[in-house]
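Participant: Sharing model.txt, compact mmCIF, C-alpha atoms:
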```
# COMPACT_ATOMS: atom_id res chain seq x y z
CA MET B 1 -101.97 -172.73 -44.23
CA HIS B 2 -104.90 -170.58 -45.24
CA ILE B 3 -104.34 -166.92 -44.38
CA SER B 4 -107.16 -165.23 -42.48
CA ASP B 5 -108.69 -161.82 -43.09
CA GLY B 6 -107.17 -158.72 -41.60
CA ILE B 7 -103.50 -159.64 -41.78
CA LEU B 8 -102.38 -158.50 -45.20
CA ASN B 9 -102.78 -154.96 -46.45
CA ALA B 10 -104.89 -153.85 -49.39
CA PRO B 11 -102.24 -153.60 -52.13
CA VAL B 12 -101.14 -157.17 -51.42
CA LEU B 13 -104.72 -158.42 -51.48
CA ILE B 14 -105.46 -156.65 -54.76
CA GLY B 15 -102.21 -157.94 -56.25
CA GLY B 16 -103.20 -161.40 -55.10
CA PHE B 17 -106.51 -161.27 -56.94
CA ALA B 18 -104.89 -159.84 -60.05
CA GLY B 19 -102.17 -162.49 -60.13
CA ALA B 20 -104.59 -165.29 -59.38
CA GLY B 21 -106.97 -164.05 -62.07
CA VAL B 22 -104.25 -163.95 -64.69
CA LEU B 23 -102.98 -167.41 -63.78
CA ALA B 24 -106.49 -168.85 -63.68
CA VAL B 25 -107.29 -167.60 -67.17
CA ALA B 26 -103.93 -168.77 -68.47
CA THR B 27 -104.29 -172.27 -67.05
CA MET B 28 -107.87 -172.74 -68.24
CA ARG B 29 -107.18 -172.17 -71.91
CA ASN B 30 -108.10 -174.89 -74.39
CA MET B 31 -109.57 -177.04 -71.68
CA ASP B 32 -110.67 -180.39 -72.99
CA MET B 33 -114.04 -181.77 -72.05
CA GLU B 34 -112.53 -185.03 -70.81
CA GLU B 35 -110.54 -183.16 -68.20
CA ILE B 36 -113.63 -181.82 -66.48
CA PRO B 37 -114.61 -184.95 -64.50
CA LYS B 38 -110.99 -185.22 -63.30
CA ILE B 39 -111.00 -181.56 -62.24
CA SER B 40 -114.29 -182.06 -60.45
CA VAL B 41 -113.03 -185.00 -58.39
CA ILE B 42 -109.74 -183.36 -57.46
CA THR B 43 -111.44 -180.10 -56.49
CA ALA B 44 -113.80 -182.05 -54.24
CA VAL B 45 -110.89 -183.91 -52.63
CA PHE B 46 -108.99 -180.66 -52.08
CA PHE B 47 -112.09 -179.02 -50.63
CA VAL B 48 -112.76 -181.82 -48.17
CA ALA B 49 -109.11 -182.43 -47.29
CA SER B 50 -108.81 -179.29 -45.20
CA SER B 51 -111.63 -180.48 -42.98
CA ILE B 52 -110.19 -183.89 -42.26
CA LYS B 53 -107.89 -183.69 -39.28
CA ILE B 54 -105.24 -186.35 -38.99
CA PRO B 55 -104.21 -186.70 -35.36
CA LEU B 56 -100.47 -186.48 -34.87
CA GLY B 57 -99.43 -186.84 -31.25
CA PRO B 58 -100.79 -183.89 -29.26
CA THR B 59 -102.04 -181.91 -32.23
CA SER B 60 -103.56 -182.70 -35.57
CA VAL B 61 -102.86 -181.65 -39.12
CA HIS B 62 -104.88 -181.45 -42.28
CA LEU B 63 -103.61 -182.20 -45.76
CA ILE B 64 -103.33 -179.64 -48.53
CA LEU B 65 -102.98 -182.03 -51.51
CA ASN B 66 -101.91 -179.47 -54.09
CA GLY B 67 -99.24 -182.00 -55.10
CA LEU B 68 -101.97 -184.51 -55.90
CA ALA B 69 -103.74 -181.90 -57.98
CA ALA B 70 -100.50 -181.25 -59.87
CA VAL B 71 -99.93 -184.95 -60.59
CA VAL B 72 -103.45 -185.56 -61.89
CA LEU B 73 -104.43 -182.22 -63.42
CA GLY B 74 -101.18 -180.56 -64.43
CA TRP B 75 -101.78 -176.88 -65.24
CA ARG B 76 -105.50 -177.25 -64.47
CA ALA B 77 -104.53 -177.73 -60.85
CA PHE B 78 -104.57 -173.95 -60.47
CA PRO B 79 -108.24 -173.31 -61.32
CA ALA B 80 -109.23 -176.44 -59.39
CA ILE B 81 -107.46 -175.28 -56.24
CA THR B 82 -108.81 -171.75 -56.67
CA LEU B 83 -112.37 -173.05 -56.88
CA GLY B 84 -111.76 -175.22 -53.83
CA LEU B 85 -110.41 -172.22 -51.91
CA VAL B 86 -113.38 -170.03 -52.83
CA LEU B 87 -115.77 -172.64 -51.51
CA GLN B 88 -113.69 -173.28 -48.40
CA ALA B 89 -113.70 -169.58 -47.59
CA ILE B 90 -117.39 -169.04 -48.22
CA ILE B 91 -118.90 -172.27 -46.93
CA LEU B 92 -116.45 -173.42 -44.28
CA GLY B 93 -115.07 -170.06 -43.25
CA HIS B 94 -111.63 -171.52 -43.75
CA GLY B 95 -109.34 -168.69 -44.75
CA GLY B 96 -110.46 -165.12 -45.33
CA VAL B 97 -112.59 -164.04 -48.27
CA THR B 98 -110.43 -161.02 -49.04
CA VAL B 99 -107.38 -163.26 -49.04
CA ILE B 100 -108.68 -165.74 -51.60
CA GLY B 101 -106.41 -164.32 -54.31
CA VAL B 102 -103.29 -164.57 -52.17
CA ASN B 103 -104.27 -168.04 -50.91
CA ALA B 104 -104.81 -169.14 -54.52
CA LEU B 105 -101.36 -167.89 -55.49
CA MET B 106 -99.97 -169.69 -52.48
CA MET B 107 -101.58 -173.09 -52.86
CA GLY B 108 -102.28 -173.01 -56.58
CA GLY B 109 -98.88 -171.54 -57.28
CA GLY B 110 -97.32 -174.21 -55.11
CA GLY B 111 -99.21 -176.77 -57.16
CA LEU B 112 -97.86 -175.35 -60.42
CA ILE B 113 -94.30 -175.44 -59.10
CA ALA B 114 -94.92 -179.03 -58.04
CA TYR B 115 -96.10 -179.80 -61.58
CA LEU B 116 -92.80 -178.53 -62.95
CA VAL B 117 -91.06 -181.00 -60.67
CA TRP B 118 -93.46 -183.76 -61.76
CA GLN B 119 -92.62 -183.15 -65.39
CA GLN B 120 -88.93 -183.78 -64.75
CA ARG B 121 -89.69 -187.50 -64.50
CA HIS B 122 -89.35 -187.84 -68.25
CA ARG B 123 -85.62 -187.41 -67.97
CA PHE B 124 -85.20 -190.47 -65.82
CA HIS B 125 -85.82 -194.15 -66.14
CA PHE B 126 -85.68 -196.31 -63.06
CA LYS B 127 -88.01 -198.80 -61.49
CA LYS B 128 -89.78 -196.74 -58.82
CA LYS B 129 -89.76 -193.57 -60.88
CA LEU B 130 -93.46 -192.80 -60.45
CA PHE B 131 -93.44 -193.21 -56.68
CA VAL B 132 -90.30 -191.12 -56.24
CA PHE B 133 -91.48 -188.30 -58.44
CA GLY B 134 -94.95 -188.41 -56.97
CA ALA B 135 -93.45 -188.11 -53.50
CA LEU B 136 -91.22 -185.24 -54.61
CA THR B 137 -94.20 -183.50 -56.18
CA GLY B 138 -96.24 -183.84 -53.02
CA ALA B 139 -93.41 -182.54 -50.87
CA VAL B 140 -92.54 -179.63 -53.18
CA GLY B 141 -96.20 -178.66 -53.38
CA VAL B 142 -96.44 -178.14 -49.63
CA ALA B 143 -92.97 -176.64 -49.24
CA SER B 144 -93.34 -174.05 -52.00
CA SER B 145 -96.75 -173.08 -50.64
CA GLY B 146 -95.07 -172.56 -47.29
CA ILE B 147 -92.46 -170.28 -48.84
CA ILE B 148 -95.12 -168.23 -50.63
CA LEU B 149 -96.97 -167.99 -47.30
CA ALA B 150 -93.82 -166.60 -45.69
CA LEU B 151 -93.44 -164.13 -48.57
CA ALA B 152 -97.03 -162.97 -48.12
CA LEU B 153 -96.58 -162.53 -44.39
CA ALA B 154 -93.31 -160.69 -45.03
CA THR B 155 -95.30 -158.00 -46.84
CA ALA B 156 -97.22 -157.54 -43.62
CA GLY B 157 -94.03 -156.82 -41.76
CA GLU B 158 -93.06 -160.20 -40.42
CA ALA B 159 -89.46 -161.34 -40.85
CA PHE B 160 -89.31 -163.63 -43.87
CA HIS B 161 -86.60 -165.99 -42.65
CA ALA B 162 -88.15 -166.49 -39.25
CA VAL B 163 -91.62 -167.16 -40.64
CA ALA B 164 -90.35 -169.40 -43.46
CA GLU B 165 -88.38 -171.47 -40.99
CA MET B 166 -91.34 -171.75 -38.63
CA VAL B 167 -93.80 -172.66 -41.37
CA LEU B 168 -91.57 -175.30 -42.93
CA LEU B 169 -90.70 -176.84 -39.57
CA ALA B 170 -94.36 -176.93 -38.53
CA HIS B 171 -95.34 -178.59 -41.79
CA ILE B 172 -92.71 -181.33 -41.84
CA PRO B 173 -95.25 -184.02 -40.86
CA ILE B 174 -97.60 -182.83 -43.61
CA ILE B 175 -94.77 -182.79 -46.14
CA LEU B 176 -93.92 -186.38 -45.26
CA ILE B 177 -97.52 -187.59 -45.30
CA GLU B 178 -98.29 -185.87 -48.59
CA ALA B 179 -95.12 -187.22 -50.15
CA GLY B 180 -96.30 -190.72 -49.26
CA VAL B 181 -99.88 -190.16 -50.38
CA VAL B 182 -99.06 -188.56 -53.71
CA GLY B 183 -96.28 -191.04 -54.43
CA ALA B 184 -98.61 -193.95 -53.82
CA CYS B 185 -101.37 -192.38 -55.91
CA ALA B 186 -99.02 -191.69 -58.81
CA GLU B 187 -97.73 -195.25 -58.82
CA PHE B 188 -101.25 -196.69 -58.57
CA LEU B 189 -102.60 -194.53 -61.37
CA GLN B 190 -99.73 -195.39 -63.67
CA LYS B 191 -100.64 -199.05 -63.30
CA VAL B 192 -104.41 -198.70 -63.47
CA LYS B 193 -105.12 -195.76 -65.73
CA PRO B 194 -102.06 -193.86 -66.91
CA GLU B 195 -104.18 -191.41 -68.91
CA LEU B 196 -105.31 -189.91 -65.62
CA LEU B 197 -101.83 -188.65 -64.87
CA ALA B 198 -100.96 -185.21 -66.14
CA GLY B 199 -98.21 -184.47 -68.59
CA GLN B 200 -97.80 -187.99 -69.92
CA GLN B 201 -96.09 -186.61 -72.97
CA ALA B 202 -92.71 -185.14 -72.23
CA PRO B 203 -92.48 -181.36 -72.76
CA ARG B 204 -91.61 -180.53 -76.37
CA LEU B 205 -88.04 -179.53 -75.57
CA GLN B 206 -87.26 -183.09 -74.60
CA THR B 207 -88.94 -185.01 -77.40
CA SER B 208 -86.26 -184.27 -79.95
CA THR B 209 -85.77 -187.97 -80.52
CA ASP B 210 -89.49 -188.95 -80.34
CA ALA B 211 -91.76 -189.01 -83.30
CA GLY B 212 -94.53 -187.09 -81.45
CA MET A 213 -120.26 -187.31 -86.71
CA TYR A 214 -120.74 -190.44 -84.66
CA VAL A 215 -117.15 -190.38 -83.40
CA ASN A 216 -117.88 -187.59 -80.94
CA SER A 217 -120.89 -189.22 -79.29
CA PHE A 218 -119.01 -192.52 -79.19
CA PHE A 219 -116.18 -190.81 -77.36
CA ILE A 220 -118.54 -189.22 -74.85
CA ARG A 221 -120.20 -192.55 -74.16
CA ARG A 222 -116.82 -194.24 -73.73
CA LEU A 223 -115.79 -191.67 -71.13
CA PHE A 224 -118.58 -192.77 -68.85
CA GLN A 225 -118.23 -196.49 -69.45
CA ASN A 226 -114.59 -196.78 -68.62
CA ASP A 227 -114.35 -199.16 -65.67
CA ALA A 228 -110.95 -198.22 -64.35
CA PHE A 229 -111.95 -194.57 -64.21
CA HIS A 230 -115.09 -195.44 -62.31
CA ALA A 231 -113.10 -197.67 -59.99
CA PHE A 232 -110.67 -194.87 -59.25
CA THR A 233 -113.37 -192.31 -58.66
CA GLY A 234 -115.41 -194.71 -56.59
CA ARG A 235 -112.44 -195.59 -54.40
CA LEU A 236 -111.52 -191.94 -53.95
CA ILE A 237 -115.02 -191.00 -52.88
CA ALA A 238 -115.24 -194.04 -50.61
CA VAL A 239 -111.99 -193.17 -48.86
CA ALA A 240 -113.00 -189.56 -48.42
CA GLY A 241 -116.35 -190.64 -47.07
CA LEU A 242 -114.82 -193.11 -44.62
CA LEU A 243 -112.37 -190.52 -43.34
CA LEU A 244 -115.23 -188.11 -42.80
CA LEU A 245 -117.20 -190.68 -40.85
CA PHE A 246 -114.31 -191.59 -38.60
CA SER A 247 -113.32 -188.05 -37.73
CA SER A 248 -115.82 -187.36 -35.00
CA SER A 249 -116.30 -183.78 -36.00
CA ALA A 250 -115.00 -182.11 -39.13
CA TYR A 251 -113.34 -179.01 -37.72
CA ALA A 252 -111.73 -176.45 -39.97
CA HIS A 253 -108.16 -175.87 -38.85
CA LYS A 254 -108.22 -172.24 -37.81
CA VAL A 255 -107.83 -170.22 -34.66
CA ASN A 256 -110.83 -169.19 -32.57
CA MET A 257 -111.29 -167.21 -29.43
CA PHE A 258 -113.77 -166.70 -26.70
CA ALA A 259 -113.86 -163.71 -24.40
CA PHE A 260 -116.03 -162.89 -21.43
CA ALA A 261 -116.21 -160.19 -18.83
CA GLU A 262 -116.18 -161.02 -15.16
CA GLY A 263 -115.80 -158.57 -12.34
CA ASP A 264 -113.54 -155.81 -13.54
CA ARG A 265 -111.65 -157.95 -16.02
CA ILE A 266 -112.07 -159.47 -19.43
CA PHE A 267 -110.77 -163.01 -19.91
CA VAL A 268 -109.69 -164.20 -23.36
CA GLU A 269 -109.21 -167.81 -24.37
CA GLY A 270 -107.53 -168.63 -27.69
CA TYR A 271 -107.67 -172.09 -29.19
CA PHE A 272 -107.42 -173.89 -32.50
CA SER A 273 -110.40 -175.78 -33.84
CA ASP A 274 -108.74 -179.11 -33.14
CA GLY A 275 -108.54 -178.20 -29.47
CA HIS A 276 -104.95 -177.17 -28.82
CA ARG A 277 -104.45 -173.77 -27.24
CA ALA A 278 -103.24 -170.66 -29.02
CA GLU A 279 -100.16 -170.09 -26.91
CA PHE A 280 -98.04 -166.90 -27.03
CA SER A 281 -100.38 -165.23 -29.51
CA ASN A 282 -100.62 -161.48 -29.87
CA ILE A 283 -103.72 -159.82 -28.45
CA GLY A 284 -104.93 -156.35 -29.36
CA VAL A 285 -107.91 -154.52 -27.88
CA TYR A 286 -109.52 -151.69 -29.85
CA ASP A 287 -112.38 -149.33 -29.09
CA HIS A 288 -115.16 -148.50 -31.53
CA ASN A 289 -112.95 -145.83 -33.13
CA ASN A 290 -110.32 -148.50 -33.85
CA LYS A 291 -107.97 -146.91 -31.39
CA LEU A 292 -105.62 -149.43 -29.81
CA LEU A 293 -106.37 -149.51 -26.10
CA LEU A 294 -103.94 -152.16 -25.04
CA HIS A 295 -102.01 -155.18 -26.30
CA GLY A 296 -100.44 -158.29 -24.85
CA LYS A 297 -99.66 -161.96 -25.39
CA THR A 298 -101.51 -165.09 -24.35
CA ASP A 299 -99.76 -167.43 -21.96
CA LYS A 300 -98.98 -171.03 -22.77
CA GLU A 301 -102.57 -172.00 -22.00
CA GLY A 302 -103.76 -169.56 -24.62
CA ASN A 303 -105.30 -167.31 -21.95
CA PHE A 304 -105.04 -163.61 -21.43
CA ALA A 305 -106.83 -161.31 -19.01
CA PHE A 306 -106.93 -157.57 -18.67
CA LYS A 307 -108.84 -154.94 -16.72
CA ILE A 308 -111.78 -153.48 -18.63
CA PRO A 309 -110.22 -150.41 -20.28
CA ALA A 310 -113.40 -148.60 -21.27
CA GLN A 311 -117.18 -148.88 -21.36
CA ASP A 312 -117.33 -149.30 -25.10
CA ASP A 313 -117.71 -151.88 -27.84
CA LEU A 314 -114.37 -153.63 -27.50
CA ARG A 315 -112.87 -155.44 -30.49
CA ILE A 316 -110.33 -158.01 -29.41
CA THR A 317 -107.95 -159.44 -32.01
CA LEU A 318 -105.84 -162.55 -31.66
CA ASN A 319 -102.95 -163.31 -34.01
CA ALA A 320 -101.46 -166.77 -33.62
CA GLY A 321 -98.88 -166.40 -36.36
CA MET A 322 -98.52 -168.16 -39.72
CA GLY A 323 -101.55 -166.34 -41.08
CA HIS A 324 -103.99 -167.34 -38.31
CA ARG A 325 -106.01 -164.48 -36.94
CA THR A 326 -109.42 -163.98 -35.44
CA GLU A 327 -111.51 -161.30 -33.76
CA TYR A 328 -114.10 -161.14 -31.01
CA VAL A 329 -116.32 -158.21 -30.13
CA ILE A 330 -117.58 -157.61 -26.62
CA SER A 331 -120.46 -155.18 -26.84
CA LYS A 332 -120.92 -152.23 -24.56
CA ALA A 333 -124.07 -153.85 -23.22
CA GLU A 334 -122.13 -156.85 -21.91
CA LEU A 335 -119.89 -154.50 -19.96
CA ALA A 336 -122.73 -152.44 -18.52
CA GLY A 337 -122.68 -152.44 -14.77
CA LEU A 338 -119.14 -153.76 -14.53
CA PRO A 339 -116.45 -151.51 -13.09
CA ALA A 340 -114.10 -150.22 -15.75
CA ALA A 341 -110.52 -149.38 -14.88
CA ALA A 342 -109.19 -145.92 -15.55
CA PRO A 343 -107.51 -145.72 -19.00
CA VAL A 344 -104.15 -147.45 -18.68
CA ALA A 345 -101.26 -144.97 -19.02
CA SER A 346 -98.80 -147.52 -20.41
CA LYS A 347 -100.11 -149.56 -23.31
CA ASP A 348 -98.90 -152.84 -21.86
CA ALA A 349 -101.36 -154.76 -19.70
CA PRO A 350 -99.83 -157.57 -17.64
CA ALA A 351 -101.18 -161.04 -18.34
CA ASP A 352 -103.06 -161.96 -15.20
CA GLU A 353 -103.17 -165.49 -13.90
CA ARG A 354 -106.17 -167.40 -14.99
CA GLY A 355 -106.91 -168.64 -11.53
CA GLN A 356 -107.44 -165.18 -10.14
CA GLN A 357 -111.15 -164.46 -10.04
CA GLY A 358 -112.01 -160.85 -10.83
CA THR A 359 -114.21 -159.96 -7.93
CA ALA A 360 -116.81 -157.28 -8.31
CA VAL A 361 -116.47 -154.37 -5.98
CA ILE A 362 -119.24 -154.98 -3.49
CA PRO A 363 -119.44 -152.54 -0.61
CA ALA A 364 -119.51 -154.54 2.60
CA ALA A 365 -122.11 -152.18 4.00
CA THR A 366 -124.85 -153.53 1.74
CA GLY A 367 -125.05 -156.62 3.96
CA ALA A 368 -127.94 -158.82 2.94
CA THR A 369 -129.07 -156.80 -0.07
CA VAL A 370 -128.24 -158.27 -3.39
CA SER A 371 -126.77 -155.63 -5.67
CA PRO A 372 -127.19 -155.72 -9.43
CA VAL A 373 -123.45 -156.15 -9.68
CA MET A 374 -123.60 -159.40 -7.69
CA ILE A 375 -126.40 -160.69 -9.86
CA ARG A 376 -124.49 -159.86 -13.02
CA SER A 377 -121.40 -161.57 -11.72
CA ALA A 378 -123.25 -164.72 -10.69
CA VAL A 379 -125.22 -164.98 -13.91
CA GLY A 380 -122.09 -164.27 -15.93
CA LYS A 381 -120.27 -167.15 -14.26
CA ALA A 382 -123.22 -169.48 -14.72
CA ILE A 383 -123.70 -168.93 -18.44
CA MET A 384 -120.03 -168.88 -19.26
CA PRO A 385 -119.83 -172.57 -20.27
CA LEU A 386 -122.88 -172.00 -22.43
CA MET A 387 -121.32 -169.00 -24.15
CA ARG A 388 -118.16 -170.98 -24.77
CA SER A 389 -120.13 -173.81 -26.33
CA ILE A 390 -122.05 -171.43 -28.54
CA SER A 391 -118.81 -169.84 -29.66
CA GLU A 392 -117.38 -173.23 -30.53
CA LEU A 393 -120.55 -174.33 -32.29
CA LYS A 394 -120.50 -171.25 -34.47
CA GLU A 395 -117.04 -172.12 -35.70
CA ARG A 396 -117.70 -175.76 -36.38
CA SER A 397 -118.22 -176.87 -39.97
CA SER A 398 -120.76 -179.61 -40.37
CA PHE A 399 -120.96 -182.59 -42.63
CA SER A 400 -123.72 -180.91 -44.60
CA ASP A 401 -121.39 -178.00 -45.32
CA LEU A 402 -118.99 -180.41 -46.96
CA ILE A 403 -121.72 -182.09 -48.98
CA GLY A 404 -122.94 -178.67 -50.03
CA GLY A 405 -119.48 -177.69 -51.18
CA ILE A 406 -119.09 -180.86 -53.21
CA GLY A 407 -122.48 -180.21 -54.72
CA PHE A 408 -121.33 -176.75 -55.79
CA ILE A 409 -118.22 -178.20 -57.35
CA VAL A 410 -120.12 -180.81 -59.32
CA GLY A 411 -122.65 -178.21 -60.38
CA ILE A 412 -120.16 -175.57 -61.53
CA LEU A 413 -118.06 -178.06 -63.42
CA GLY A 414 -121.19 -179.63 -64.80
CA VAL A 415 -122.07 -176.29 -66.37
CA PHE A 416 -118.62 -176.14 -67.95
CA PHE A 417 -119.12 -179.66 -69.23
CA TYR A 418 -122.51 -178.84 -70.67
CA VAL A 419 -121.23 -175.75 -72.47
CA LYS A 420 -118.36 -177.68 -74.00
CA ALA A 421 -120.58 -180.60 -74.97
CA LYS A 422 -123.05 -178.24 -76.62
CA LYS A 423 -120.23 -176.64 -78.59
CA LEU A 424 -119.08 -180.07 -79.67
CA MET A 425 -122.56 -181.08 -80.75
CA VAL A 426 -123.04 -177.87 -82.71
CA GLU A 427 -119.71 -178.38 -84.43
CA GLY A 428 -120.63 -181.97 -85.15
CA ALA A 429 -123.92 -180.91 -86.71
CA GLN A 430 -122.14 -178.26 -88.77
CA ASN A 431 -119.56 -180.75 -89.97
CA SER A 432 -122.20 -183.22 -91.05
CA SER A 433 -124.15 -180.52 -92.88
CA ASN A 434 -120.95 -179.50 -94.67
CA LEU A 435 -120.27 -183.02 -95.94
```
Could you write out this structure as structure tokens?

Facilitator:
Amino acid sequence: MHISDGILNAPVLIGGFAGAGVLAVATMRNMDMEEIPKISVITAVFFVASSIKIPLGPTSVHLILNGLAAVVLGWRAFPAITLGLVLQAIILGHGGVTVIGVNALMMGGGGLIAYLVWQQRHRFHFKKKLFVFGALTGAVGVASSGIILALALATAGEAFHAVAEMVLLAHIPIILIEAGVVGACAEFLQKVKPELLAGQQAPRLQTSTDAG
Amino acid sequence: MYVNSFFIRRLFQNDAFHAFTGRLIAVAGLLLLFSSSAYAHKVNMFAFAEGDRIFVEGYFSDGHRAEFSNIGVYDHNNKLLLHGKTDKEGNFAFKIPAQDDLRITLNAGMGHRTEYVISKAELAGLPAAAPVASKDAPADERGQQGTAVIPAATGATVSPVMIRSAVGKAIMPLMRSISELKERSSFSDLIGGIGFIVGILGVFFYVKAKKLMVEGAQNSSNL
């Protein structure tokens, strides 16, 4: 899903860096020291994930895992993914260097949208809640990144609907795999170490009845 | 005062956290070992000149061809000389439009794009077609060999053009391999990237820990 150099025009690229910069600063505020090992592991997983090809019939896919970042890191998923993208572009040549800002908005932004979905789990109480919401988060992460990709390509003159349709169709296997992976991870972490999951306290608007 | 250092020590002694991290790293490592080569998923291309034509091959790093992708050929002034589309094998061929540094672009859609430059030197000695009046070059069949124009009258003499053609054909698999090798990302690249991540975040960690220690010292001196 990484966009290469030479496709988008300069205003979009500059806007991408500006937007990504603002979001990165906003999501890094008041970072706790204990979050840093988590961020480090997730960034490494994200970085490596794009190099692992999972064979699927005649072709192969690689995972994006911004949903996993959302589930474990919450808002910090954005700087983690941005750092991963910078290193992927520079070291692996995966995705253009000028497009890092736009790619960050795409995959990091998708991760933030996925986090909003993840936080909705506080409204519900049923047995497999963590798996279901983890799966939804994983799927929404990939899907919203796909839509932002189509938006970015639309600025370069491609038809938004056609590209969005093509991207989402092409990524259906990834959406399904990531839903499974993130759902399983979320469930596992809740059992083993719930503190590792992000947003364990419901957003303030919903804790009207809680003491916290 | 001691609460902070206790907390820091506890962070590193927590078994479940270590188990999680260990498992994550183990899985990632195993996946890396089992994938025979860690390719980045992007589009690449290889182009070579033969006879009076240039052949372009587009492919993704995992092997499948870049079918129906847009091709553009530009001269050194960035003027578009011709454009076309690869066939379903990811191949495209066109007559050499000019004796110039040719920049060939391939756009496979969904944000995948790559470029390849054929230098003027590679084209030296090969017959160039007259500038094409219409901008559309037909996609030639891959099987058609571009034959160099060799006057029959030369008989037994070996012309430079024949030598170029023969050598070009012989080193073509080599050039293709080199092109693929250049695009491949190695295991050491991945380790290097992880090292960067640990290092950068380690600096963050150190800065925060220092701040915490300074605050702790200040608090104890204020007591």

Participant: Tell me, as a PyMOL selection string, which residues lie within 7 Å of Arg76 in chain B, counting only C-alpha atoms; anything in the same chain fewer than 3 positions away does not count.

Facilitator: chain B and resi 27-28+73+79-80

Participant: Could you list, with a cut-off of 8 Å and counting only C-alpha atoms, the residues of chain B near chain A, each shown with its nearest atom pair and the distance in Å rounded to one decimal, rows sorted by chain and ascending number, as CSV?

Facilitator:
```
residue,atom,partner,partner_atom,distance
B:Met1,CA,A:Gly323,CA,7.1
B:His2,CA,A:Gly323,CA,6.8
B:Ile3,CA,A:Gly323,CA,4.4
B:Ser4,CA,A:His324,CA,5.6
B:Asp5,CA,A:Arg325,CA,7.2
B:Gly6,CA,A:Arg325,CA,7.5
B:Ile7,CA,A:Gly323,CA,7.0
B:Met33,CA,A:Phe417,CA,6.2
B:Glu34,CA,A:Leu223,CA,7.4
B:Ile36,CA,A:Phe417,CA,6.5
B:Pro37,CA,A:Leu413,CA,7.8
B:Ile39,CA,A:Leu413,CA,8.0
B:Ser40,CA,A:Val410,CA,6.1
B:Val41,CA,A:Thr233,CA,7.3
B:Thr43,CA,A:Ile409,CA,7.1
B:Ala44,CA,A:Ile406,CA,5.5
B:Val45,CA,A:Ala240,CA,7.4
B:Phe47,CA,A:Gly405,CA,7.5
B:Val48,CA,A:Leu402,CA,6.5
B:Ser50,CA,A:Ala252,CA,6.6
B:Ser51,CA,A:Ala252,CA,5.0
B:Ile52,CA,A:Ala250,CA,6.0
B:Lys53,CA,A:Ser247,CA,7.1
B:Pro58,CA,A:His276,CA,7.9
B:Thr59,CA,A:His276,CA,6.5
B:Ser60,CA,A:Asp274,CA,6.8
B:Val61,CA,A:His253,CA,7.8
B:His62,CA,A:His253,CA,7.3
B:Leu83,CA,A:Ile409,CA,7.8
B:Gly84,CA,A:Ile409,CA,7.9
B:Leu87,CA,A:Gly405,CA,6.3
B:Gln88,CA,A:Gly405,CA,7.8
B:Ile91,CA,A:Asp401,CA,6.5
B:Leu92,CA,A:Ser397,CA,5.8
B:Gly93,CA,A:Ala252,CA,7.9
B:His94,CA,A:Ala252,CA,6.2
B:Gly95,CA,A:Lys254,CA,7.9
B:Leu149,CA,A:Met322,CA,7.7
B:Ala150,CA,A:Met322,CA,7.8
B:Leu153,CA,A:Gly323,CA,7.1
B:Val163,CA,A:Met322,CA,7.0
B:Val167,CA,A:Met322,CA,6.7
B:Val192,CA,A:Ala228,CA,6.6
B:Lys193,CA,A:Ala228,CA,6.5
```

Participant: Between B:Gly101, B:Gly157, B:Gly199, B:Gly183, which has the minimum distance to Leu116 in chain B (counting all atoms listed in the file)?

Facilitator: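 Closest to Leu116 in chain B of all the choices is B:Gly199.
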
Participant: So that I can see what lies close to Ala104 in chain B, please list as a list in words the residues with an atom at most 10 Å from it, counting only C-alpha atoms and leaving out residues fewer than 6 positions away in the same chain.

Facilitator: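 The residues that qualify are His2, Gly16, Phe17, Gly19, Ala20, Gly21, Leu23, Ala24, Phe78, Pro79, Ala80, Ile81, Thr82, Leu83, Gly84, Leu85, Val86, Gly110, Gly111 and Ser145 of chain B.
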
Participant: Give me, please, the distance in Å between CA of Ile42 in chain B and CA of Ala170 in chain B, quoted to one decimal.

Facilitator: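 Rounded to one decimal, the two atoms are 25.2 Å apart.
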
Participant: From (-100.1, -160.9, -29.5), in the file's coordinates, out to 8 Å: which residues are reached, counting only C-alpha atoms? Answer as a PyMOL selection string.

Facilitator: chain A and resi 280-284+295-298+318-320

Participant: Hey, can you check how far CA of Ala336 in chain A sits from CA of Phe306 in chain A?

Facilitator: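 These atoms are spaced 16.6 Å apart.
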
Participant: One decimal, in Å: what's the spacing between CA of Ala202 in chain B and CA of Ile113 in chain B?

Facilitator: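 Result for CA of Ala202 in chain B versus CA of Ile113 in chain B: 16.4 Å, one decimal.
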
Participant: Please list as a ChimeraX atom specification every residue within 12 Å of Glu187 in chain B, counting all atoms listed in the file and excluding residues in the same chain fewer than 5 positions away.

Facilitator: /B:68,71-72,127-135,180-182,192-194,196-197

Participant: May I have the selected residues written with C-alpha atoms, as a CSV table (one decimal), in the frame of the given file?

Facilitator:
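Just written: part-v7.csv:
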```
chain,number,residue,atom,x,y,z
B,68,LEU,CA,-102.0,-184.5,-55.9
B,71,VAL,CA,-99.9,-185.0,-60.6
B,72,VAL,CA,-103.4,-185.6,-61.9
B,127,LYS,CA,-88.0,-198.8,-61.5
B,128,LYS,CA,-89.8,-196.7,-58.8
B,129,LYS,CA,-89.8,-193.6,-60.9
B,130,LEU,CA,-93.5,-192.8,-60.4
B,131,PHE,CA,-93.4,-193.2,-56.7
B,132,VAL,CA,-90.3,-191.1,-56.2
B,133,PHE,CA,-91.5,-188.3,-58.4
B,134,GLY,CA,-95.0,-188.4,-57.0
B,135,ALA,CA,-93.4,-188.1,-53.5
B,180,GLY,CA,-96.3,-190.7,-49.3
B,181,VAL,CA,-99.9,-190.2,-50.4
B,182,VAL,CA,-99.1,-188.6,-53.7
B,192,VAL,CA,-104.4,-198.7,-63.5
B,193,LYS,CA,-105.1,-195.8,-65.7
B,194,PRO,CA,-102.1,-193.9,-66.9
B,196,LEU,CA,-105.3,-189.9,-65.6
B,197,LEU,CA,-101.8,-188.6,-64.9
```
